[in-house]
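Dropping entry.pdb in here (PDB, C-alpha atoms, pLDDT in the B column):
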MODEL        1
ATOM      1  CA  ALA D   1      -3.339  58.556  -9.445  1.00 75.00           C
ATOM      2  CA  GLN D   2      -6.015  61.200  -9.183  1.00 80.00           C
ATOM      3  CA  SER D   3      -9.311  61.098  -7.370  1.00 87.00           C
ATOM      4  CA  VAL D   4     -12.096  63.355  -6.223  1.00 92.00           C
ATOM      5  CA  THR D   5     -14.320  63.075  -3.175  1.00 94.00           C
ATOM      6  CA  GLN D   6     -17.519  65.032  -2.886  1.00 95.00           C
ATOM      7  CA  LEU D   7     -18.884  65.251   0.626  1.00 92.00           C
ATOM      8  CA  GLY D   8     -22.625  64.810   0.710  1.00 91.00           C
ATOM      9  CA  SER D   9     -24.638  63.185  -2.030  1.00 92.00           C
ATOM     10  CA  HIS D  10     -27.547  65.537  -1.308  1.00 95.00           C
ATOM     11  CA  VAL D  11     -27.594  69.127  -0.090  1.00 97.00           C
ATOM     12  CA  SER D  12     -30.757  71.067   0.630  1.00 97.00           C
ATOM     13  CA  VAL D  13     -30.881  74.839   1.081  1.00 97.00           C
ATOM     14  CA  SER D  14     -33.579  77.457   1.214  1.00 97.00           C
ATOM     15  CA  GLU D  15     -33.916  79.986  -1.563  1.00 97.00           C
ATOM     16  CA  GLY D  16     -31.649  82.927  -0.777  1.00 97.00           C
ATOM     17  CA  ALA D  17     -29.366  80.913   1.496  1.00 97.00           C
ATOM     18  CA  LEU D  18     -25.689  80.200   1.009  1.00 97.00           C
ATOM     19  CA  VAL D  19     -24.789  77.232  -1.165  1.00 98.00           C
ATOM     20  CA  LEU D  20     -21.690  75.247  -0.183  1.00 98.00           C
ATOM     21  CA  LEU D  21     -20.770  72.060  -2.015  1.00 98.00           C
ATOM     22  CA  ARG D  22     -17.612  70.354  -0.843  1.00 97.00           C
ATOM     23  CA  CYS D  23     -14.924  68.738  -2.944  1.00 96.00           C
ATOM     24  CA  ASN D  24     -11.556  67.310  -1.972  1.00 95.00           C
ATOM     25  CA  TYR D  25      -9.079  66.032  -4.496  1.00 93.00           C
ATOM     26  CA  SER D  26      -6.037  63.843  -4.593  1.00 89.00           C
ATOM     27  CA  SER D  27      -3.344  64.387  -7.172  1.00 81.00           C
ATOM     28  CA  SER D  28       0.372  63.685  -7.265  1.00 76.00           C
ATOM     29  CA  VAL D  29       0.918  66.539  -9.712  1.00 76.00           C
ATOM     30  CA  PRO D  30      -0.558  70.042  -9.996  1.00 76.00           C
ATOM     31  CA  PRO D  31      -4.145  69.491 -11.000  1.00 84.00           C
ATOM     32  CA  TYR D  32      -6.716  71.161 -13.130  1.00 89.00           C
ATOM     33  CA  LEU D  33      -9.980  71.243 -11.200  1.00 92.00           C
ATOM     34  CA  PHE D  34     -13.494  71.685 -12.486  1.00 94.00           C
ATOM     35  CA  TRP D  35     -17.072  71.990 -11.422  1.00 97.00           C
ATOM     36  CA  TYR D  36     -19.724  70.798 -13.856  1.00 97.00           C
ATOM     37  CA  VAL D  37     -23.484  71.095 -13.475  1.00 97.00           C
ATOM     38  CA  GLN D  38     -26.087  68.678 -14.809  1.00 95.00           C
ATOM     39  CA  TYR D  39     -29.707  69.692 -15.156  1.00 93.00           C
ATOM     40  CA  PRO D  40     -32.354  66.962 -15.504  1.00 89.00           C
ATOM     41  CA  ASN D  41     -32.150  65.028 -18.759  1.00 86.00           C
ATOM     42  CA  GLN D  42     -29.153  67.009 -19.953  1.00 90.00           C
ATOM     43  CA  GLY D  43     -25.435  66.497 -20.294  1.00 91.00           C
ATOM     44  CA  LEU D  44     -22.873  68.064 -18.004  1.00 94.00           C
ATOM     45  CA  GLN D  45     -21.950  71.706 -18.515  1.00 94.00           C
ATOM     46  CA  LEU D  46     -18.845  73.487 -17.303  1.00 94.00           C
ATOM     47  CA  LEU D  47     -19.511  75.789 -14.357  1.00 96.00           C
ATOM     48  CA  LEU D  48     -15.949  76.882 -13.668  1.00 94.00           C
ATOM     49  CA  LYS D  49     -12.359  75.688 -13.764  1.00 91.00           C
ATOM     50  CA  TYR D  50      -9.081  76.152 -11.926  1.00 90.00           C
ATOM     51  CA  THR D  51      -5.904  76.004 -14.007  1.00 83.00           C
ATOM     52  CA  SER D  52      -3.182  77.249 -11.630  1.00 76.00           C
ATOM     53  CA  ALA D  53      -3.886  80.942 -12.118  1.00 75.00           C
ATOM     54  CA  ALA D  54      -5.987  82.756  -9.499  1.00 83.00           C
ATOM     55  CA  THR D  55      -6.993  80.522  -6.609  1.00 88.00           C
ATOM     56  CA  LEU D  56     -10.467  82.064  -6.421  1.00 94.00           C
ATOM     57  CA  VAL D  57     -12.319  81.162  -9.566  1.00 93.00           C
ATOM     58  CA  LYS D  58     -15.576  82.726 -10.661  1.00 94.00           C
ATOM     59  CA  GLY D  59     -17.973  80.829 -12.855  1.00 93.00           C
ATOM     60  CA  ILE D  60     -21.367  81.209 -14.413  1.00 93.00           C
ATOM     61  CA  ASN D  61     -24.602  81.908 -12.547  1.00 93.00           C
ATOM     62  CA  GLY D  62     -22.855  83.518  -9.572  1.00 95.00           C
ATOM     63  CA  PHE D  63     -20.910  80.444  -8.508  1.00 97.00           C
ATOM     64  CA  GLU D  64     -17.309  80.546  -7.399  1.00 97.00           C
ATOM     65  CA  ALA D  65     -14.769  78.116  -6.002  1.00 97.00           C
ATOM     66  CA  GLU D  66     -11.524  78.496  -4.119  1.00 94.00           C
ATOM     67  CA  PHE D  67      -8.514  76.267  -4.640  1.00 93.00           C
ATOM     68  CA  LYS D  68      -6.795  75.533  -1.320  1.00 93.00           C
ATOM     69  CA  LYS D  69      -3.700  73.462  -1.829  1.00 90.00           C
ATOM     70  CA  SER D  70      -3.020  73.018   1.892  1.00 91.00           C
ATOM     71  CA  GLU D  71      -6.458  71.503   2.338  1.00 92.00           C
ATOM     72  CA  THR D  72      -6.577  69.800  -1.096  1.00 93.00           C
ATOM     73  CA  SER D  73     -10.024  71.307  -1.460  1.00 95.00           C
ATOM     74  CA  PHE D  74     -12.008  73.028  -4.177  1.00 96.00           C
ATOM     75  CA  HIS D  75     -15.354  73.850  -2.593  1.00 97.00           C
ATOM     76  CA  LEU D  76     -18.125  75.467  -4.643  1.00 98.00           C
ATOM     77  CA  THR D  77     -20.115  78.362  -3.209  1.00 98.00           C
ATOM     78  CA  LYS D  78     -22.877  80.755  -4.137  1.00 98.00           C
ATOM     79  CA  PRO D  79     -23.999  83.498  -1.761  1.00 97.00           C
ATOM     80  CA  SER D  80     -27.706  83.238  -2.489  1.00 97.00           C
ATOM     81  CA  ALA D  81     -29.427  80.150  -3.874  1.00 97.00           C
ATOM     82  CA  HIS D  82     -32.044  80.407  -6.566  1.00 96.00           C
ATOM     83  CA  MET D  83     -34.647  77.828  -7.459  1.00 96.00           C
ATOM     84  CA  SER D  84     -33.005  77.432 -10.848  1.00 95.00           C
ATOM     85  CA  ASP D  85     -29.801  76.219  -9.157  1.00 97.00           C
ATOM     86  CA  ALA D  86     -31.431  72.892  -8.355  1.00 97.00           C
ATOM     87  CA  ALA D  87     -29.315  70.362 -10.246  1.00 97.00           C
ATOM     88  CA  GLU D  88     -26.543  67.848  -9.764  1.00 96.00           C
ATOM     89  CA  TYR D  89     -23.027  69.194  -9.386  1.00 97.00           C
ATOM     90  CA  PHE D  90     -19.860  67.293 -10.179  1.00 96.00           C
ATOM     91  CA  CYS D  91     -16.338  68.092  -9.110  1.00 96.00           C
ATOM     92  CA  ALA D  92     -13.643  66.797 -11.450  1.00 94.00           C
ATOM     93  CA  VAL D  93      -9.865  66.626 -11.662  1.00 91.00           C
ATOM     94  CA  SER D  94      -7.508  66.377 -14.584  1.00 87.00           C
ATOM     95  CA  ARG D  95      -3.750  66.304 -14.706  1.00 78.00           C
ATOM     96  CA  THR D  96      -2.023  69.267 -16.264  1.00 64.00           C
ATOM     97  CA  GLY D  97      -1.463  68.263 -19.863  1.00 60.00           C
ATOM     98  CA  GLY D  98      -3.201  64.989 -19.175  1.00 63.00           C
ATOM     99  CA  PHE D  99      -6.083  63.432 -20.961  1.00 73.00           C
ATOM    100  CA  LYS D 100      -8.405  61.769 -18.491  1.00 82.00           C
ATOM    101  CA  THR D 101     -10.907  63.693 -16.421  1.00 88.00           C
ATOM    102  CA  ILE D 102     -11.987  61.951 -13.241  1.00 88.00           C
ATOM    103  CA  PHE D 103     -15.358  62.887 -11.781  1.00 92.00           C
ATOM    104  CA  GLY D 104     -16.642  62.787  -8.247  1.00 93.00           C
ATOM    105  CA  ALA D 105     -19.849  60.989  -7.363  1.00 93.00           C
ATOM    106  CA  GLY D 106     -21.879  64.178  -7.634  1.00 95.00           C
ATOM    107  CA  THR D 107     -23.945  66.232  -5.191  1.00 96.00           C
ATOM    108  CA  ARG D 108     -27.593  66.856  -5.838  1.00 96.00           C
ATOM    109  CA  LEU D 109     -28.654  70.333  -4.756  1.00 97.00           C
ATOM    110  CA  PHE D 110     -32.228  70.916  -3.694  1.00 97.00           C
ATOM    111  CA  VAL D 111     -33.522  74.477  -3.267  1.00 97.00           C
ATOM    112  CA  LYS D 112     -36.589  74.999  -1.096  1.00 96.00           C
ATOM    113  CA  ALA D 113     -38.947  77.907  -1.594  1.00 93.00           C
TER     114      ALA D 113
ATOM    115  CA  ASP B   1     -21.186  74.643 -33.735  1.00 68.00           C
ATOM    116  CA  ALA B   2     -24.119  72.440 -32.752  1.00 79.00           C
ATOM    117  CA  GLY B   3     -22.153  70.858 -29.929  1.00 92.00           C
ATOM    118  CA  VAL B   4     -21.709  67.150 -29.324  1.00 96.00           C
ATOM    119  CA  ILE B   5     -24.564  65.252 -30.937  1.00 97.00           C
ATOM    120  CA  GLN B   6     -25.701  61.876 -29.602  1.00 97.00           C
ATOM    121  CA  SER B   7     -28.291  59.490 -30.901  1.00 97.00           C
ATOM    122  CA  PRO B   8     -30.606  57.971 -30.018  1.00 97.00           C
ATOM    123  CA  ARG B   9     -31.684  60.017 -26.994  1.00 96.00           C
ATOM    124  CA  HIS B  10     -33.675  57.077 -25.670  1.00 96.00           C
ATOM    125  CA  GLU B  11     -33.423  53.387 -26.432  1.00 97.00           C
ATOM    126  CA  VAL B  12     -35.499  50.597 -24.984  1.00 98.00           C
ATOM    127  CA  THR B  13     -34.520  47.104 -25.964  1.00 97.00           C
ATOM    128  CA  GLU B  14     -34.778  43.555 -24.784  1.00 97.00           C
ATOM    129  CA  MET B  15     -32.039  41.547 -23.208  1.00 97.00           C
ATOM    130  CA  GLY B  16     -29.817  39.910 -25.787  1.00 97.00           C
ATOM    131  CA  GLN B  17     -30.329  42.522 -28.465  1.00 97.00           C
ATOM    132  CA  GLU B  18     -27.533  44.569 -29.979  1.00 97.00           C
ATOM    133  CA  VAL B  19     -27.418  48.252 -29.089  1.00 98.00           C
ATOM    134  CA  THR B  20     -25.514  50.903 -31.024  1.00 98.00           C
ATOM    135  CA  LEU B  21     -25.070  54.399 -29.638  1.00 98.00           C
ATOM    136  CA  ARG B  22     -23.734  57.153 -31.844  1.00 98.00           C
ATOM    137  CA  CYS B  23     -21.770  60.327 -31.283  1.00 98.00           C
ATOM    138  CA  LYS B  24     -20.695  63.256 -33.416  1.00 97.00           C
ATOM    139  CA  PRO B  25     -18.026  65.311 -31.616  1.00 96.00           C
ATOM    140  CA  ILE B  26     -17.363  68.994 -32.053  1.00 94.00           C
ATOM    141  CA  SER B  27     -15.438  69.678 -35.217  1.00 92.00           C
ATOM    142  CA  GLY B  28     -11.758  70.137 -34.494  1.00 89.00           C
ATOM    143  CA  HIS B  29     -11.782  68.350 -31.166  1.00 91.00           C
ATOM    144  CA  ASP B  30      -9.033  65.747 -31.063  1.00 89.00           C
ATOM    145  CA  TYR B  31     -10.312  63.744 -28.096  1.00 92.00           C
ATOM    146  CA  LEU B  32     -13.538  61.828 -27.698  1.00 95.00           C
ATOM    147  CA  PHE B  33     -14.704  60.170 -24.507  1.00 96.00           C
ATOM    148  CA  TRP B  34     -17.500  57.743 -23.682  1.00 97.00           C
ATOM    149  CA  TYR B  35     -18.889  57.863 -20.146  1.00 96.00           C
ATOM    150  CA  ARG B  36     -21.619  55.825 -18.477  1.00 96.00           C
ATOM    151  CA  GLN B  37     -23.771  57.254 -15.695  1.00 94.00           C
ATOM    152  CA  THR B  38     -25.723  55.159 -13.215  1.00 93.00           C
ATOM    153  CA  MET B  39     -27.142  55.845  -9.785  1.00 88.00           C
ATOM    154  CA  MET B  40     -24.956  53.192  -8.215  1.00 88.00           C
ATOM    155  CA  ARG B  41     -21.617  53.939  -9.874  1.00 88.00           C
ATOM    156  CA  GLY B  42     -21.892  57.587 -10.864  1.00 89.00           C
ATOM    157  CA  LEU B  43     -20.020  58.774 -13.950  1.00 92.00           C
ATOM    158  CA  GLU B  44     -17.564  56.193 -15.257  1.00 92.00           C
ATOM    159  CA  LEU B  45     -15.103  56.691 -18.085  1.00 93.00           C
ATOM    160  CA  LEU B  46     -15.421  53.779 -20.485  1.00 96.00           C
ATOM    161  CA  ILE B  47     -12.975  54.634 -23.257  1.00 95.00           C
ATOM    162  CA  TYR B  48     -11.362  57.584 -24.961  1.00 94.00           C
ATOM    163  CA  PHE B  49      -9.904  58.270 -28.374  1.00 95.00           C
ATOM    164  CA  ASN B  50      -7.226  60.625 -29.629  1.00 92.00           C
ATOM    165  CA  ASN B  51      -7.284  61.381 -33.355  1.00 91.00           C
ATOM    166  CA  ASN B  52      -9.645  58.422 -33.883  1.00 94.00           C
ATOM    167  CA  VAL B  53      -7.323  55.969 -32.124  1.00 94.00           C
ATOM    168  CA  PRO B  54      -8.470  54.279 -28.895  1.00 94.00           C
ATOM    169  CA  ILE B  55      -6.031  55.269 -26.165  1.00 92.00           C
ATOM    170  CA  ASP B  56      -7.470  53.787 -23.003  1.00 91.00           C
ATOM    171  CA  ASP B  57     -10.295  51.276 -22.887  1.00 93.00           C
ATOM    172  CA  SER B  58      -9.645  50.073 -19.363  1.00 92.00           C
ATOM    173  CA  GLY B  59     -13.070  51.275 -18.280  1.00 92.00           C
ATOM    174  CA  MET B  60     -14.976  49.122 -20.734  1.00 95.00           C
ATOM    175  CA  PRO B  61     -16.836  46.702 -18.471  1.00 89.00           C
ATOM    176  CA  GLU B  62     -16.487  43.559 -20.545  1.00 88.00           C
ATOM    177  CA  ASP B  63     -16.140  42.156 -24.030  1.00 92.00           C
ATOM    178  CA  ARG B  64     -19.770  42.786 -24.779  1.00 96.00           C
ATOM    179  CA  PHE B  65     -18.851  46.453 -25.104  1.00 97.00           C
ATOM    180  CA  SER B  66     -16.954  47.815 -28.073  1.00 97.00           C
ATOM    181  CA  ALA B  67     -16.289  51.313 -29.402  1.00 98.00           C
ATOM    182  CA  LYS B  68     -15.053  52.572 -32.710  1.00 97.00           C
ATOM    183  CA  MET B  69     -14.163  55.885 -34.242  1.00 97.00           C
ATOM    184  CA  PRO B  70     -13.903  55.406 -38.007  1.00 96.00           C
ATOM    185  CA  ASN B  71     -13.318  59.105 -38.638  1.00 94.00           C
ATOM    186  CA  ALA B  72     -12.960  62.401 -36.805  1.00 93.00           C
ATOM    187  CA  SER B  73     -16.668  63.160 -36.893  1.00 94.00           C
ATOM    188  CA  PHE B  74     -18.235  59.903 -35.772  1.00 96.00           C
ATOM    189  CA  SER B  75     -17.974  57.328 -33.022  1.00 98.00           C
ATOM    190  CA  THR B  76     -20.086  54.373 -31.946  1.00 98.00           C
ATOM    191  CA  LEU B  77     -20.460  52.447 -28.732  1.00 98.00           C
ATOM    192  CA  LYS B  78     -21.885  48.987 -29.237  1.00 98.00           C
ATOM    193  CA  ILE B  79     -23.225  46.516 -26.708  1.00 97.00           C
ATOM    194  CA  GLN B  80     -23.769  42.974 -27.916  1.00 97.00           C
ATOM    195  CA  PRO B  81     -25.554  41.206 -26.358  1.00 96.00           C
ATOM    196  CA  SER B  82     -27.188  43.722 -24.044  1.00 97.00           C
ATOM    197  CA  GLU B  83     -28.161  42.890 -20.462  1.00 96.00           C
ATOM    198  CA  PRO B  84     -30.469  44.649 -17.979  1.00 97.00           C
ATOM    199  CA  ARG B  85     -27.467  45.797 -15.928  1.00 96.00           C
ATOM    200  CA  ASP B  86     -26.325  47.831 -18.937  1.00 97.00           C
ATOM    201  CA  SER B  87     -29.246  50.182 -18.376  1.00 97.00           C
ATOM    202  CA  ALA B  88     -27.747  53.628 -17.888  1.00 97.00           C
ATOM    203  CA  VAL B  89     -27.244  56.998 -19.511  1.00 96.00           C
ATOM    204  CA  TYR B  90     -24.302  56.957 -21.883  1.00 97.00           C
ATOM    205  CA  PHE B  91     -22.555  60.243 -22.544  1.00 97.00           C
ATOM    206  CA  CYS B  92     -20.167  61.203 -25.256  1.00 97.00           C
ATOM    207  CA  ALA B  93     -17.834  64.151 -24.681  1.00 96.00           C
ATOM    208  CA  SER B  94     -15.129  65.783 -26.733  1.00 94.00           C
ATOM    209  CA  ARG B  95     -12.351  68.295 -26.204  1.00 90.00           C
ATOM    210  CA  PRO B  96      -9.464  69.863 -28.068  1.00 84.00           C
ATOM    211  CA  LEU B  97      -5.771  69.372 -27.428  1.00 76.00           C
ATOM    212  CA  PRO B  98      -4.731  70.272 -23.847  1.00 67.00           C
ATOM    213  CA  GLY B  99      -4.627  74.006 -23.427  1.00 62.00           C
ATOM    214  CA  GLN B 100      -6.435  74.757 -26.650  1.00 61.00           C
ATOM    215  CA  GLY B 101      -9.958  75.690 -27.555  1.00 57.00           C
ATOM    216  CA  ALA B 102     -12.206  78.481 -26.381  1.00 54.00           C
ATOM    217  CA  ASN B 103     -12.230  77.151 -22.843  1.00 57.00           C
ATOM    218  CA  GLY B 104      -8.828  75.479 -22.983  1.00 62.00           C
ATOM    219  CA  ALA B 105      -7.452  73.496 -20.108  1.00 63.00           C
ATOM    220  CA  ASN B 106      -8.931  70.043 -20.656  1.00 81.00           C
ATOM    221  CA  VAL B 107     -12.523  71.242 -20.673  1.00 88.00           C
ATOM    222  CA  LEU B 108     -14.995  68.622 -21.851  1.00 92.00           C
ATOM    223  CA  THR B 109     -18.106  69.358 -23.879  1.00 93.00           C
ATOM    224  CA  PHE B 110     -20.784  66.755 -23.278  1.00 95.00           C
ATOM    225  CA  GLY B 111     -23.607  65.569 -25.439  1.00 96.00           C
ATOM    226  CA  ALA B 112     -27.119  65.285 -24.059  1.00 95.00           C
ATOM    227  CA  GLY B 113     -26.726  61.565 -23.469  1.00 96.00           C
ATOM    228  CA  SER B 114     -28.406  58.368 -24.621  1.00 97.00           C
ATOM    229  CA  ARG B 115     -30.665  56.766 -22.049  1.00 96.00           C
ATOM    230  CA  LEU B 116     -30.590  52.995 -22.479  1.00 98.00           C
ATOM    231  CA  THR B 117     -33.113  50.676 -20.896  1.00 98.00           C
ATOM    232  CA  VAL B 118     -32.614  46.951 -21.318  1.00 98.00           C
ATOM    233  CA  LEU B 119     -35.631  44.883 -20.326  1.00 96.00           C
TER     234      LEU B 119
ENDMDL
END

Please lay out the structure from this file as structure tokens.
Amino acid sequence: AQSVTQLGSHVSVSEGALVLLRCNYSSSVPPYLFWYVQYPNQGLQLLLKYTSAATLVKGINGFEAEFKKSETSFHLTKPSAHMSDAAEYFCAVSRTGGFKTIFGAGTRLFVKA
Amino acid sequence: DAGVIQSPRHEVTEMGQEVTLRCKPISGHDYLFWYRQTMMRGLELLIYFNNNVPIDDSGMPEDRFSAKMPNASFSTLKIQPSEPRDSAVYFCASRPLPGQGANGANVLTFGAGSRLTVL
């Protein structure tokens, strides 16, 4: 079975500060891992994905995530937060060749001016 | 492509009424998923289809919920009768075969959601 745990339902940072959103996964087989972002009143959009190629994955809007198998983690980072980054972020896992995508509970990011 | 299209965007109804939510997936996507999002339970997978056939409906909360996909371009999620605890945002998402598509690798494309309020 697969699962995802996101540490922290809310994260608050100042504009220009580092963004770190934590995600740990559980999977009995090599996983595909994803970060999605949801802006208010919108559906989820893909931010980036890991598919067993490079362990450091770069996504849109300056975000990146590193796959660490030894730590079963896939944390999302951005060096400098912008007000427009305020949104809810979801980590997700899918089995290679599988069909279901399992989402974490989400982390709401607040950016202070 | 216009993306995944959901309707209605907002629905307010009274307890006991029938609710029908609609979804048009991206053309060529073989998989369609219905998710429900609430504050308490987060994003839950309700059911998914492959080539119009329901594959896994284990997430459907109870018999009041039903979903159909009569053809490759249309799916419905029906709640009958509706209850206040059904209030949520319902998302439809689609994706191509594993490893295919512009993004490949099981990437889901979500619709904007249908916000349901049952009074």

Run the PyMOL selection byres ((chain D and resi 75-88) around 8) mentally over the shown coordinates, then write out the matched residues as a ChimeraX atom specification, using the chain letters and numbers from the document. /D:13-24,35,37-40,62-67,73-74,89-90,106-113

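Checking D:Val29, D:Gln6, D:Thr72, D:Val11 one by one against chain B, counting only C-alpha atoms, you find the shortest gap at D:Gln6.
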
For a quick check of understanding, using all atoms listed in the file, which of B:Ala67, B:Met39, B:Leu77, B:Ala88 has the smallest distance to chain D?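 Of B:Ala67, B:Met39, B:Leu77, B:Ala88, the one nearest chain D is B:Met39, counting all atoms listed in the file.
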
Output check: residues returned by the PyMOL selection byres ((chain B and resi 10) around 6), as a ChimeraX atom specification: /B:8-9,11,114-115

Using all atoms listed in the file: which of D:Tyr32, D:Thr101, D:Asn41, D:Val4 has the shortest distance to Ser94 of chain B: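 Ranking D:Tyr32, D:Thr101, D:Asn41, D:Val4 by distance to Ser94 of chain B, first place goes to D:Thr101.
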
Using only C-alpha atoms, determine which residues of chain D fall within 9 Å of chain B; present them as a short mmCIF file (atom, residue, chain, number, x, y, z; two decimals) with C-alpha atoms, keeping the file's coordinate frame.
data_model
loop_
_atom_site.label_atom_id
_atom_site.label_comp_id
_atom_site.auth_asym_id
_atom_site.auth_seq_id
_atom_site.Cartn_x
_atom_site.Cartn_y
_atom_site.Cartn_z
CA TYR D 32 -6.72 71.16 -13.13
CA PHE D 34 -13.49 71.68 -12.49
CA ASN D 41 -32.15 65.03 -18.76
CA GLN D 42 -29.15 67.01 -19.95
CA GLY D 43 -25.44 66.50 -20.29
CA LEU D 44 -22.87 68.06 -18.00
CA GLN D 45 -21.95 71.71 -18.52
CA LEU D 46 -18.84 73.49 -17.30
CA LYS D 49 -12.36 75.69 -13.76
CA TYR D 50 -9.08 76.15 -11.93
CA THR D 51 -5.90 76.00 -14.01
CA SER D 94 -7.51 66.38 -14.58
CA ARG D 95 -3.75 66.30 -14.71
CA THR D 96 -2.02 69.27 -16.26
CA GLY D 97 -1.46 68.26 -19.86
CA GLY D 98 -3.20 64.99 -19.18
CA PHE D 99 -6.08 63.43 -20.96
CA LYS D 100 -8.40 61.77 -18.49
CA THR D 101 -10.91 63.69 -16.42
CA ILE D 102 -11.99 61.95 -13.24
CA PHE D 103 -15.36 62.89 -11.78
CA GLY D 104 -16.64 62.79 -8.25
CA ALA D 105 -19.85 60.99 -7.36
CA GLY D 106 -21.88 64.18 -7.63
#

Around all the atoms of segment 54-71 of chain B listed in the file, draw an axis-aligned box and extend it by 8 Å on each of the six sides; I want its centre and edge lengths in Å to one decimal, as AutoDock Vina command-line options.
--center_x -12.9 --center_y 50.6 --center_z -28.5 --size_x 29.7 --size_y 32.9 --size_z 36.4

Rounded to one decimal in Å, what is the spacing between atom CA of Arg22 of chain B and atom CA of Asn71 of chain B? 12.6 Å

Output the residue selection produced by the PyMOL selection byres ((chain B and resi 86) around 12) on the file above, formatted as a PyMOL selection string. chain B and resi 11-19+36-38+41+60-62+64-65+78-85+87-90+115-119

For C-alpha atoms, I'd like the residues from the last selection saved as a short mmCIF file (atom, residue, chain, number, x, y, z; two decimals), in the coordinates of the input.
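Listed below is the output, out-v1.cif:
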data_model
loop_
_atom_site.label_atom_id
_atom_site.label_comp_id
_atom_site.auth_asym_id
_atom_site.auth_seq_id
_atom_site.Cartn_x
_atom_site.Cartn_y
_atom_site.Cartn_z
CA GLU B 11 -33.42 53.39 -26.43
CA VAL B 12 -35.50 50.60 -24.98
CA THR B 13 -34.52 47.10 -25.96
CA GLU B 14 -34.78 43.56 -24.78
CA MET B 15 -32.04 41.55 -23.21
CA GLY B 16 -29.82 39.91 -25.79
CA GLN B 17 -30.33 42.52 -28.46
CA GLU B 18 -27.53 44.57 -29.98
CA VAL B 19 -27.42 48.25 -29.09
CA ARG B 36 -21.62 55.82 -18.48
CA GLN B 37 -23.77 57.25 -15.70
CA THR B 38 -25.72 55.16 -13.22
CA ARG B 41 -21.62 53.94 -9.87
CA MET B 60 -14.98 49.12 -20.73
CA PRO B 61 -16.84 46.70 -18.47
CA GLU B 62 -16.49 43.56 -20.54
CA ARG B 64 -19.77 42.79 -24.78
CA PHE B 65 -18.85 46.45 -25.10
CA LYS B 78 -21.88 48.99 -29.24
CA ILE B 79 -23.22 46.52 -26.71
CA GLN B 80 -23.77 42.97 -27.92
CA PRO B 81 -25.55 41.21 -26.36
CA SER B 82 -27.19 43.72 -24.04
CA GLU B 83 -28.16 42.89 -20.46
CA PRO B 84 -30.47 44.65 -17.98
CA ARG B 85 -27.47 45.80 -15.93
CA SER B 87 -29.25 50.18 -18.38
CA ALA B 88 -27.75 53.63 -17.89
CA VAL B 89 -27.24 57.00 -19.51
CA TYR B 90 -24.30 56.96 -21.88
CA ARG B 115 -30.66 56.77 -22.05
CA LEU B 116 -30.59 53.00 -22.48
CA THR B 117 -33.11 50.68 -20.90
CA VAL B 118 -32.61 46.95 -21.32
CA LEU B 119 -35.63 44.88 -20.33
#

In Å, how far is it from atom CA of Gly28 of chain B to atom CA of Ser73 of chain B?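 Atom-to-atom, atom CA of Gly28 of chain B and atom CA of Ser73 of chain B are spaced 8.9 Å apart.
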
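The space separating atom CA of Lys58 of chain D from atom CA of Ser27 of chain B comes to 27.8 Å.
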
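Shell of Leu46 of chain B at 7 Å, with only C-alpha atoms counted and residues fewer than 3 places along the chain excluded, is Trp34, Tyr35, Arg36, Asp57, Ser58, Gly59 and Met60 of chain B.
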